[in-house]
Structures are given as C-alpha cells and as structure tokens.
$ cat data27.txt   # compact mmCIF, C-alpha atoms
# COMPACT_ATOMS: atom_id res chain seq x y z
CA MET A 132 245.25 56.57 -73.81
CA ASP A 133 244.71 53.84 -76.40
CA SER A 134 245.95 51.26 -73.92
CA LEU A 135 243.40 52.48 -71.36
CA ILE A 136 240.58 52.18 -73.88
CA ASP A 137 241.66 48.61 -74.62
CA LEU A 138 241.68 47.86 -70.91
CA LEU A 139 238.24 49.36 -70.12
CA PRO A 140 236.52 45.94 -69.88
CA GLU A 141 239.16 44.80 -67.36
CA LEU A 142 238.80 48.11 -65.49
CA TRP A 143 235.07 47.62 -64.98
CA ILE A 144 235.59 44.01 -63.94
CA ALA A 145 238.18 45.19 -61.40
CA ALA A 146 235.75 47.85 -60.12
CA GLY A 147 233.10 45.15 -59.66
CA GLU A 148 235.57 42.96 -57.78
CA THR A 149 236.44 45.86 -55.48
CA LEU A 150 232.76 46.45 -54.70
CA TYR A 151 232.31 42.71 -54.11
CA ILE A 152 235.29 42.47 -51.75
CA VAL A 153 234.53 45.69 -49.87
CA GLY A 154 230.79 44.98 -49.67
CA LEU A 155 231.26 41.53 -48.11
CA THR A 156 234.02 42.67 -45.76
CA LEU A 157 231.90 45.62 -44.63
CA PHE A 158 229.05 43.21 -43.90
CA PHE A 159 231.07 40.57 -42.04
CA GLY A 160 233.55 42.99 -40.50
CA GLY A 161 230.72 45.35 -39.58
CA ILE A 162 228.85 42.62 -37.72
CA GLY A 163 232.04 41.46 -36.02
CA GLY A 164 232.97 45.03 -35.11
CA LEU A 165 229.52 45.69 -33.67
CA LEU A 166 229.77 42.59 -31.48
CA VAL A 167 233.31 43.44 -30.33
CA GLY A 168 232.35 47.06 -29.67
CA LEU A 169 229.24 46.08 -27.72
CA GLY A 170 231.31 43.58 -25.76
CA LEU A 171 233.85 46.25 -24.84
CA TYR A 172 231.16 48.77 -23.87
CA LEU A 173 228.87 46.43 -21.96
CA THR A 174 231.58 44.69 -19.92
CA ARG A 175 233.64 47.73 -18.95
CA ALA A 176 233.62 48.94 -15.34
CA GLY A 177 230.28 50.42 -14.33
CA SER A 178 228.40 49.20 -17.41
CA ILE A 179 225.24 47.10 -17.45
CA LEU A 180 227.05 43.76 -17.95
CA GLU A 181 230.30 44.55 -16.15
CA ASN A 182 232.79 41.72 -16.47
CA ARG A 183 236.43 42.57 -15.97
CA GLY A 184 237.76 39.29 -17.40
CA VAL A 185 235.87 39.57 -20.70
CA PHE A 186 236.72 43.26 -21.03
CA VAL A 187 240.45 42.68 -20.47
CA VAL A 188 240.56 39.88 -23.08
CA LEU A 189 238.63 41.87 -25.71
CA ASN A 190 240.60 45.04 -25.03
CA LEU A 191 243.89 43.13 -25.31
CA LEU A 192 242.87 41.50 -28.61
CA VAL A 193 241.89 44.85 -30.11
CA ASN A 194 245.11 46.49 -28.94
CA ILE A 195 247.17 43.64 -30.42
CA VAL A 196 245.49 43.43 -33.84
CA ARG A 197 244.81 47.10 -34.61
CA PRO A 198 248.42 48.35 -34.85
CA ILE A 199 249.60 45.55 -37.19
CA PRO A 200 250.16 46.89 -40.75
CA PHE A 201 247.65 45.13 -42.97
CA ILE A 202 250.18 43.72 -45.43
CA ILE A 203 251.89 41.95 -42.49
CA PHE A 204 248.56 40.86 -40.99
CA LEU A 205 247.61 39.46 -44.40
CA ALA A 206 250.66 37.20 -44.40
CA ALA A 207 250.33 36.27 -40.73
CA ALA A 208 246.64 35.33 -41.08
CA GLN A 209 247.14 33.23 -44.21
CA PRO A 210 247.31 29.87 -42.34
CA LEU A 211 244.10 30.78 -40.47
CA ALA A 212 242.42 31.77 -43.74
CA ARG A 213 243.45 28.45 -45.26
CA THR A 214 241.89 26.62 -42.32
CA VAL A 215 238.62 28.59 -42.31
CA VAL A 216 237.88 29.16 -46.03
CA GLY A 217 240.01 26.38 -47.50
CA THR A 218 242.52 28.60 -49.30
CA GLY A 219 245.16 31.17 -48.46
CA ILE A 220 244.92 32.99 -51.80
CA GLY A 221 242.23 34.61 -53.92
CA ASN A 222 239.21 36.75 -53.11
CA ALA A 223 237.86 34.35 -50.47
CA ALA A 224 241.08 34.62 -48.45
CA ILE A 225 241.27 38.41 -48.77
CA ILE A 226 237.62 38.80 -47.73
CA PHE A 227 238.18 36.65 -44.64
CA THR A 228 241.39 38.45 -43.66
CA ILE A 229 240.03 41.97 -44.18
CA SER A 230 236.84 41.07 -42.29
CA LEU A 231 238.92 39.80 -39.38
CA ALA A 232 241.09 42.92 -39.27
CA ALA A 233 238.08 45.20 -39.72
CA SER A 234 236.21 43.55 -36.83
CA PHE A 235 238.82 44.72 -34.32
CA ALA A 236 239.29 48.14 -35.91
CA MET A 237 235.54 48.69 -36.09
CA GLY A 238 235.08 47.32 -32.57
CA ARG A 239 237.09 50.19 -31.11
CA ILE A 240 235.16 52.74 -33.18
CA VAL A 241 231.83 51.25 -32.06
CA GLU A 242 232.94 51.31 -28.42
CA GLN A 243 233.96 54.98 -28.64
CA ASN A 244 230.67 55.91 -30.31
CA LEU A 245 228.63 54.07 -27.68
CA LEU A 246 230.49 55.95 -24.95
CA THR A 247 228.99 59.18 -26.33
CA VAL A 248 225.53 58.06 -25.19
CA THR A 249 224.52 59.98 -22.08
CA PRO A 250 224.72 57.64 -19.04
CA GLY A 251 221.51 59.17 -17.70
CA VAL A 252 219.56 57.72 -20.61
CA ILE A 253 220.79 54.22 -19.76
CA GLU A 254 220.03 54.72 -16.06
CA ALA A 255 216.52 55.93 -16.89
CA ALA A 256 215.87 52.77 -18.89
CA ARG A 257 217.22 50.59 -16.09
CA SER A 258 215.09 52.40 -13.52
CA VAL A 259 211.89 51.38 -15.34
CA GLY A 260 212.98 47.72 -15.43
CA ALA A 261 214.44 47.46 -18.93
CA GLY A 262 216.78 44.49 -19.32
CA PRO A 263 220.14 44.51 -21.11
CA ILE A 264 218.76 43.33 -24.48
CA ARG A 265 216.01 45.93 -24.46
CA ILE A 266 218.45 48.67 -23.47
CA ILE A 267 220.82 47.71 -26.29
CA PHE A 268 218.22 47.69 -29.07
CA THR A 269 215.84 50.43 -27.92
CA VAL A 270 218.17 52.90 -26.21
CA LEU A 271 221.88 52.35 -26.77
CA LEU A 272 222.06 51.68 -30.52
CA PRO A 273 219.36 54.20 -31.53
CA GLU A 274 221.03 56.94 -29.45
CA ALA A 275 224.43 56.23 -31.03
CA LEU A 276 223.08 55.69 -34.58
CA GLY A 277 224.45 58.92 -36.10
CA PRO A 278 228.03 58.44 -34.87
CA LEU A 279 227.87 54.75 -35.80
CA ILE A 280 226.92 55.58 -39.39
CA LEU A 281 229.87 57.96 -39.62
CA GLY A 282 232.11 55.29 -38.11
CA TYR A 283 231.04 52.68 -40.65
CA THR A 284 231.52 55.22 -43.44
CA PHE A 285 235.06 55.81 -42.21
CA ILE A 286 235.78 52.08 -42.09
CA PHE A 287 234.49 51.70 -45.67
CA VAL A 288 237.32 53.96 -46.85
CA ALA A 289 239.81 51.86 -44.85
CA LEU A 290 238.42 48.69 -46.43
CA VAL A 291 238.95 50.10 -49.93
CA ASP A 292 242.54 50.80 -48.88
CA MET A 293 242.96 47.24 -47.57
CA SER A 294 241.45 45.72 -50.71
CA ALA A 295 244.17 47.38 -52.80
CA VAL A 296 246.68 44.75 -51.65
CA ALA A 297 244.47 41.83 -52.72
CA GLY A 298 246.74 41.22 -55.69
CA TYR A 299 249.52 40.07 -53.38
CA VAL A 300 247.48 36.96 -52.53
CA GLY A 301 245.95 36.40 -55.95
CA GLY A 302 242.86 38.55 -55.43
CA GLY A 303 241.37 41.07 -57.81
CA GLY A 304 240.08 44.62 -57.62
CA LEU A 305 241.19 48.07 -58.65
CA GLY A 306 244.40 47.93 -56.63
CA ASN A 307 245.49 44.77 -58.42
CA PHE A 308 244.45 46.30 -61.76
CA ALA A 309 246.56 49.41 -61.12
CA LEU A 310 249.59 47.33 -60.15
CA LEU A 311 249.27 44.80 -62.95
CA TYR A 312 248.43 47.03 -65.92
CA GLY A 313 249.70 50.39 -64.67
CA TYR A 314 252.68 50.23 -62.34
CA ARG A 315 254.30 47.07 -63.73
CA GLN A 316 253.70 48.14 -67.33
CA PHE A 317 255.01 51.68 -66.65
CA ASN A 318 251.66 53.10 -67.75
CA PRO A 319 250.66 55.99 -65.43
CA VAL A 320 247.46 56.66 -67.40
CA VAL A 321 246.08 53.26 -66.43
CA THR A 322 247.22 53.71 -62.82
CA TRP A 323 245.51 57.09 -62.53
CA ALA A 324 242.33 55.77 -64.12
CA ALA A 325 242.08 53.23 -61.29
CA VAL A 326 242.95 55.89 -58.71
CA LEU A 327 240.27 58.27 -60.00
CA LEU A 328 237.67 55.50 -59.96
CA ILE A 329 238.54 54.71 -56.35
CA ILE A 330 238.25 58.41 -55.46
CA VAL A 331 234.80 58.63 -57.08
CA LEU A 332 233.65 55.50 -55.24
CA VAL A 333 234.87 56.79 -51.88
CA GLN A 334 233.31 60.23 -52.41
CA LEU A 335 229.92 58.70 -53.26
CA VAL A 336 229.95 56.50 -50.17
CA GLN A 337 231.15 59.39 -47.98
CA PHE A 338 228.33 61.58 -49.28
CA LEU A 339 225.77 58.83 -48.61
CA GLY A 340 227.17 58.22 -45.12
CA ASN A 341 227.09 61.92 -44.23
CA TRP A 342 223.52 62.21 -45.51
CA LEU A 343 222.34 59.20 -43.51
CA ALA A 344 224.12 60.48 -40.39
CA ARG A 345 222.43 63.88 -40.69
CA LYS A 346 219.06 62.16 -40.94
CA ALA A 347 219.87 60.13 -37.82
CA PHE A 348 221.00 63.19 -35.85
CA ARG A 349 217.75 65.02 -36.70
CA ARG A 350 215.49 62.26 -35.38

$ encode --input "data27.txt" --output "structure tokens"
Amino acid sequence: MDSLIDLLPELWIAAGETLYIVGLTLFFGGIGGLLVGLGLYLTRAGSILENRGVFVVLNLLVNIVRPIPFIIFLAAAQPLARTVVGTGIGNAAIIFTISLAASFAMGRIVEQNLLTVTPGVIEAARSVGAGPIRIIFTVLLPEALGPLILGYTFIFVALVDMSAVAGYVGGGGLGNFALLYGYRQFNPVVTWAAVLLIIVLVQLVQFLGNWLARKAFRR
C-alpha cells in the first residue's frame, strides 16, 4: 500500500495520458468511422448513391482490418505511422494507429446502425426532392442518432482496451503504468489500482452514453 501511495502522482499522470489518447482517438477514429460507415451504407445496392465498386473496396478493407489483433496491427502499421506522424513510437504513433484501426471497426458499427433506419423514411425524403446531402444530415443521421451514440460508447471501451498496449511502443497511460509499476515489479496492489481506475472511467462513460441515447430515443 505504501508503494501505491508513493506512486499516486504517476497514477494520475497515467490516467490523464489515457484520457488524452482515448479522447483523440475517439475524435479522429469516430470521424473516420462515420465516413467509412456512410460510404458503406450509401454505396450499397439499392441505396441513394449506389456504387458497387466503392462498396466492394470499402467492404473489403473493413473485413481485412477488423479481424487483425491490435497488438499485431500496431506492429504492422508502425512504418505507416512513421511516415504520417514522423515517429513509430510514443503517444503520437499510438494515437494514429488506434485511430486507423478504430475507423474500420467503427465504420461497420455505423453501417449497421444506419441500416436500422426505416427505408420508407428515406423514400419519403427522396419523393419531395431532397438530395443526398440533405437526406444524410436531416433524415439519416438524426433517425439513427440513438444507436450511433450507443455504438460510439461501445467503441470508447474498445479504445481504452487498445490504449493499454501503448507501453509496447513507448506510449503512456494506465496500461503502461500497470505493466511498469505493477506487473514487472510484482506489485498486484498497483496493478489493481490501475484496473479499478479503468473500470470507473468506463462505467462513467457507459452511463453518460446510455443517458444520451435515451434522450435521443425519446425525441
């Protein structure tokens, strides 16, 4: 217990790094996932921007990237991270790599949520002359808002999980803290302190996501 008290400043720094990593990856990965998901939905057969070629390419990319275990994807994407952000290690590299992986994972979730929108609503908008952009922003996304919020809440938990391996490429966060000061020092108290903090963080975000989703469903 004394060792945990001594490490409290480092614990709070690690918690801040986790929030920083997860927050940025949720932002960039969330935008990327929304674009991928919209692309899959809009270009599929019978949709408003049907394009078989684009759909096949996007669908293939998602199916290739999603099943790859993140620790392997992290190593495989390191050369790309070095090219894009200038380094293959540290928080910048982990944020880029998680954002890239999350874009494809979130893209599938977005596509599935958009498919829950009643086709009749889309057809009604098209019948009164609404164009694709107007349909997307005034019909499609508002109708799917509740499920989308739940989807992004789910992906937040996955991002926390991904951020735990940041230490393998020189990044920080609670996962790295637990490995460095807990597991490697044979100190389970420190490890469990990090675990409990992660659980509290996830529960708070899950509660907020559920609350926002309920508000969206009651519109």

$ axis_aligned_box --input "data27.txt" --around "region 175-187 of chain A" --padding-each-side "3 Å" --output "lines of an AutoDock Vina configuration file"
center_x = 232.8
center_y = 44.9
center_z = -17.7
size_x = 21.2
size_y = 17.1
size_z = 12.7

$ closest_atom_pairs --input "data27.txt" --of "region 234-302 of chain A" --to "region 210-230 of chain A" --cutoff "7 Å" --atoms "all atoms listed in the file" --output "tab-separated table"
residue	atom	partner	partner_atom	distance
A:Ser234	CA	A:Ser230	CA	6.0
A:Met293	CA	A:Ile229	CA	6.9
A:Ala297	CA	A:Ile225	CA	6.1
A:Val300	CA	A:Ile220	CA	4.8
A:Gly301	CA	A:Gly221	CA	4.6
A:Gly302	CA	A:Gly221	CA	4.3

$ atom_distance --input "data27.txt" --atom1 "CA of Glu148 (chain A)" --atom2 "CA of Gly303 (chain A)"
6.1 Å

$ closest_residue --input "data27.txt" --among "A:Ile280, A:Leu310, A:Ala324, A:Ile202" --to "Lys346 (chain A)" --atoms "all atoms listed in the file"
A:Ile280

$ closest_residue --input "data27.txt" --among "A:Ile266, A:Leu189, A:Val288, A:Leu205" --to "Arg239 (chain A)" --atoms "all atoms listed in the file"
A:Leu189

$ atom_distance --input "data27.txt" --atom1 "CA of Phe186 (chain A)" --atom2 "CA of Gly160 (chain A)"
19.7 Å

$ residues_near_point --input "data27.txt" --point "(228.2, 40.0, -25.7)" --cutoff "12 Å" --atoms "all atoms listed in the file" --output "short mmCIF file (atom, residue, chain, number, x, y, z; two decimals) with C-alpha atoms, in the coordinates of the input"
data_model
loop_
_atom_site.label_atom_id
_atom_site.label_comp_id
_atom_site.auth_asym_id
_atom_site.auth_seq_id
_atom_site.Cartn_x
_atom_site.Cartn_y
_atom_site.Cartn_z
CA GLY A 163 232.04 41.46 -36.02
CA GLY A 164 232.97 45.03 -35.11
CA LEU A 165 229.52 45.69 -33.67
CA LEU A 166 229.77 42.59 -31.48
CA VAL A 167 233.31 43.44 -30.33
CA GLY A 168 232.35 47.06 -29.67
CA LEU A 169 229.24 46.08 -27.72
CA GLY A 170 231.31 43.58 -25.76
CA LEU A 171 233.85 46.25 -24.84
CA TYR A 172 231.16 48.77 -23.87
CA LEU A 173 228.87 46.43 -21.96
CA THR A 174 231.58 44.69 -19.92
CA ARG A 175 233.64 47.73 -18.95
CA ILE A 179 225.24 47.10 -17.45
CA LEU A 180 227.05 43.76 -17.95
CA GLU A 181 230.30 44.55 -16.15
CA ASN A 182 232.79 41.72 -16.47
CA VAL A 185 235.87 39.57 -20.70
CA PHE A 186 236.72 43.26 -21.03
CA LEU A 189 238.63 41.87 -25.71
CA PRO A 263 220.14 44.51 -21.11
CA ILE A 264 218.76 43.33 -24.48
CA ILE A 267 220.82 47.71 -26.29
#

$ residues_around --input "data27.txt" --residues "Gly340 (chain A)" --least-positions-apart "4" --cutoff "9 Å" --atoms "all atoms listed in the file" --output "VMD selection string"
chain A and resid 280 to 281 283 to 285 335 to 336 344 to 345

$ closest_residue --input "data27.txt" --among "A:Ile330, A:Ile253, A:Met237, A:Ile203" --to "Phe268 (chain A)" --atoms "only C-alpha atoms"
A:Ile253

$ atom_distance --input "data27.txt" --atom1 "CA of Ala145 (chain A)" --atom2 "CA of Val196 (chain A)"
28.6 Å

$ decode --input "data27.txt" --residues "region 136-158 of chain A" --atoms "N, CA and C atoms" --output "mmCIF file, in the first residue's frame"
data_model
loop_
_atom_site.group_PDB
_atom_site.id
_atom_site.type_symbol
_atom_site.label_atom_id
_atom_site.label_comp_id
_atom_site.auth_asym_id
_atom_site.auth_seq_id
_atom_site.Cartn_x
_atom_site.Cartn_y
_atom_site.Cartn_z
ATOM 1 N N ILE A 136 0.843 4.589 -2.580
ATOM 2 C CA ILE A 136 0.770 5.990 -2.164
ATOM 3 C C ILE A 136 1.913 6.781 -2.788
ATOM 4 N N ASP A 137 3.089 6.189 -2.813
ATOM 5 C CA ASP A 137 4.243 6.863 -3.419
ATOM 6 C C ASP A 137 4.058 7.068 -4.914
ATOM 7 N N LEU A 138 3.297 6.170 -5.528
ATOM 8 C CA LEU A 138 3.115 6.218 -6.979
ATOM 9 C C LEU A 138 1.859 6.980 -7.415
ATOM 10 N N LEU A 139 1.128 7.554 -6.460
ATOM 11 C CA LEU A 139 -0.114 8.269 -6.808
ATOM 12 C C LEU A 139 0.086 9.373 -7.849
ATOM 13 N N PRO A 140 1.158 10.197 -7.730
ATOM 14 C CA PRO A 140 1.345 11.220 -8.783
ATOM 15 C C PRO A 140 1.473 10.595 -10.174
ATOM 16 N N GLU A 141 2.244 9.500 -10.273
ATOM 17 C CA GLU A 141 2.399 8.820 -11.563
ATOM 18 C C GLU A 141 1.081 8.197 -12.024
ATOM 19 N N LEU A 142 0.272 7.726 -11.074
ATOM 20 C CA LEU A 142 -1.025 7.139 -11.419
ATOM 21 C C LEU A 142 -1.935 8.169 -12.055
ATOM 22 N N TRP A 143 -1.983 9.367 -11.489
ATOM 23 C CA TRP A 143 -2.849 10.414 -12.043
ATOM 24 C C TRP A 143 -2.325 10.910 -13.387
ATOM 25 N N ILE A 144 -1.003 10.962 -13.532
ATOM 26 C CA ILE A 144 -0.435 11.328 -14.831
ATOM 27 C C ILE A 144 -0.817 10.286 -15.880
ATOM 28 N N ALA A 145 -0.726 9.005 -15.502
ATOM 29 C CA ALA A 145 -1.095 7.921 -16.422
ATOM 30 C C ALA A 145 -2.572 7.991 -16.790
ATOM 31 N N ALA A 146 -3.427 8.324 -15.803
ATOM 32 C CA ALA A 146 -4.863 8.459 -16.082
ATOM 33 C C ALA A 146 -5.103 9.593 -17.079
ATOM 34 N N GLY A 147 -4.376 10.700 -16.901
ATOM 35 C CA GLY A 147 -4.501 11.817 -17.843
ATOM 36 C C GLY A 147 -4.043 11.439 -19.235
ATOM 37 N N GLU A 148 -2.974 10.653 -19.328
ATOM 38 C CA GLU A 148 -2.486 10.204 -20.633
ATOM 39 C C GLU A 148 -3.499 9.286 -21.309
ATOM 40 N N THR A 149 -4.138 8.424 -20.519
ATOM 41 C CA THR A 149 -5.170 7.545 -21.085
ATOM 42 C C THR A 149 -6.320 8.369 -21.652
ATOM 43 N N LEU A 150 -6.786 9.362 -20.900
ATOM 44 C CA LEU A 150 -7.867 10.222 -21.383
ATOM 45 C C LEU A 150 -7.449 10.978 -22.641
ATOM 46 N N TYR A 151 -6.201 11.424 -22.666
ATOM 47 C CA TYR A 151 -5.671 12.138 -23.837
ATOM 48 C C TYR A 151 -5.646 11.230 -25.064
ATOM 49 N N ILE A 152 -5.102 10.028 -24.904
ATOM 50 C CA ILE A 152 -5.010 9.079 -26.015
ATOM 51 C C ILE A 152 -6.398 8.669 -26.501
ATOM 52 N N VAL A 153 -7.262 8.277 -25.554
ATOM 53 C CA VAL A 153 -8.594 7.788 -25.919
ATOM 54 C C VAL A 153 -9.447 8.917 -26.495
ATOM 55 N N GLY A 154 -9.338 10.119 -25.921
ATOM 56 C CA GLY A 154 -10.117 11.250 -26.413
ATOM 57 C C GLY A 154 -9.786 11.588 -27.862
ATOM 58 N N LEU A 155 -8.488 11.666 -28.175
ATOM 59 C CA LEU A 155 -8.089 11.996 -29.545
ATOM 60 C C LEU A 155 -8.418 10.869 -30.522
ATOM 61 N N THR A 156 -8.216 9.628 -30.090
ATOM 62 C CA THR A 156 -8.536 8.512 -30.994
ATOM 63 C C THR A 156 -10.037 8.385 -31.218
ATOM 64 N N LEU A 157 -10.833 8.706 -30.201
ATOM 65 C CA LEU A 157 -12.287 8.686 -30.386
ATOM 66 C C LEU A 157 -12.706 9.767 -31.375
ATOM 67 N N PHE A 158 -12.043 10.920 -31.305
ATOM 68 C CA PHE A 158 -12.365 12.022 -32.222
ATOM 69 C C PHE A 158 -11.988 11.658 -33.662
#
